[in-house]
>>> print(open('start.txt').read())   # compact mmCIF, C-alpha atoms
# COMPACT_ATOMS: atom_id res chain seq x y z
CA MET A 5 -5.36 2.32 -167.77
CA MET A 6 -3.90 -0.75 -166.16
CA VAL A 7 -4.09 -3.85 -168.35
CA GLY A 8 -6.99 -6.08 -167.36
CA LEU A 9 -9.11 -3.35 -165.83
CA ASP A 10 -11.32 -2.62 -168.79
CA ARG A 11 -14.47 -2.42 -166.62
CA ILE A 12 -13.21 0.50 -164.52
CA THR A 13 -14.17 3.84 -166.06
CA TRP A 14 -13.76 7.54 -165.27
CA ASN A 15 -16.09 10.27 -166.43
CA PRO A 16 -16.18 13.71 -164.82
CA LYS A 17 -19.96 13.76 -165.42
CA VAL A 18 -20.57 10.49 -163.56
CA MET A 19 -20.15 10.37 -159.78
CA GLY A 20 -17.83 13.37 -159.81
CA GLY A 21 -15.20 11.57 -161.86
CA LYS A 22 -14.61 8.81 -159.31
CA PRO A 23 -13.65 5.44 -160.77
CA CYS A 24 -16.83 3.52 -161.54
CA VAL A 25 -17.77 0.09 -162.76
CA ARG A 26 -18.61 0.09 -166.49
CA GLY A 27 -19.83 3.68 -166.43
CA LEU A 28 -22.57 2.80 -163.97
CA ARG A 29 -23.22 4.87 -160.89
CA VAL A 30 -21.44 2.31 -158.73
CA THR A 31 -18.01 3.44 -157.63
CA VAL A 32 -15.01 1.27 -156.93
CA GLY A 33 -15.15 2.70 -153.41
CA THR A 34 -18.68 1.40 -152.93
CA VAL A 35 -17.68 -2.12 -153.93
CA VAL A 36 -14.52 -2.06 -151.81
CA GLY A 37 -16.48 -0.69 -148.86
CA LEU A 38 -18.99 -3.51 -149.10
CA VAL A 39 -16.21 -6.10 -149.14
CA ALA A 40 -14.49 -4.36 -146.21
CA THR A 41 -17.68 -4.57 -144.14
CA GLY A 42 -17.96 -8.31 -144.72
CA HIS A 43 -20.23 -8.62 -147.73
CA SER A 44 -19.50 -11.55 -150.01
CA GLU A 45 -19.35 -11.32 -153.78
CA ALA A 46 -22.73 -13.08 -153.93
CA GLU A 47 -24.28 -10.53 -151.56
CA ILE A 48 -22.91 -7.62 -153.58
CA LEU A 49 -24.31 -9.10 -156.78
CA LYS A 50 -27.69 -9.50 -155.08
CA LEU A 51 -27.61 -5.88 -153.87
CA TYR A 52 -26.57 -4.66 -157.33
CA PRO A 53 -28.08 -7.16 -159.80
CA TYR A 54 -26.74 -5.22 -162.80
CA LEU A 55 -23.16 -5.93 -161.70
CA GLU A 56 -21.26 -9.05 -162.71
CA ALA A 57 -18.71 -11.08 -160.75
CA GLU A 58 -15.90 -9.73 -162.93
CA ASP A 59 -16.96 -6.18 -161.99
CA VAL A 60 -16.36 -6.95 -158.32
CA ARG A 61 -13.00 -8.58 -159.04
CA GLN A 62 -11.81 -5.66 -161.14
CA ALA A 63 -12.94 -3.11 -158.54
CA LEU A 64 -10.86 -4.93 -155.93
CA SER A 65 -7.91 -5.22 -158.31
CA TYR A 66 -8.09 -1.51 -159.08
CA ALA A 67 -8.17 -0.65 -155.37
CA ALA A 68 -5.17 -2.89 -154.71
CA TRP A 69 -3.29 -1.30 -157.59
CA ARG A 70 -4.06 2.20 -156.23
CA ALA A 71 -2.88 1.19 -152.76
>>> encode(input="start.txt", output="structure tokens")
Amino acid sequence: MMVGLDRITWNPKVMGGKPCVRGLRVTVGTVVGLVATGHSEAEILKLYPYLEAEDVRQALSYAAWRA
């Protein structure tokens, strides 16, 4: 795992093994897709109230690292 991405998890039994946020059924791809379509961090946190701001930041960092 990349240092500083402790909130990004993989489990073959959760969302088909896609990288998720803290083991929740919210994938990195979902978060990145929301940002790509113009949603702000505040809007994402309102849509997914169980996420935290650091979850969004780490999802974006993970996606950048993968790219």
>>> residues_around(input="start.txt", residues="Val18 in chain A", least_positions_apart="5", cutoff="10 Å", atoms="only C-alpha atoms", output="PyMOL selection string")
chain A and resi 13+23-24+27-31
>>> axis_aligned_box(input="start.txt", around="range 64-71 of chain A", padding_each_side="3 Å", output="lines of an AutoDock Vina configuration file")
center_x = -6.9
center_y = -1.5
center_z = -155.9
size_x = 14.0
size_y = 13.4
size_z = 12.3
>>> closest_residue(input="start.txt", among="A:Leu64, A:Asp59, A:Val36, A:Trp69", to="Arg11 in chain A", atoms="only C-alpha atoms")
A:Asp59
>>> atom_distance(input="start.txt", atom1="CA of Val25 in chain A", atom2="CA of Ile12 in chain A")
4.9 Å
>>> atom_distance(input="start.txt", atom1="CA of Tyr54 in chain A", atom2="CA of Arg26 in chain A")
10.4 Å
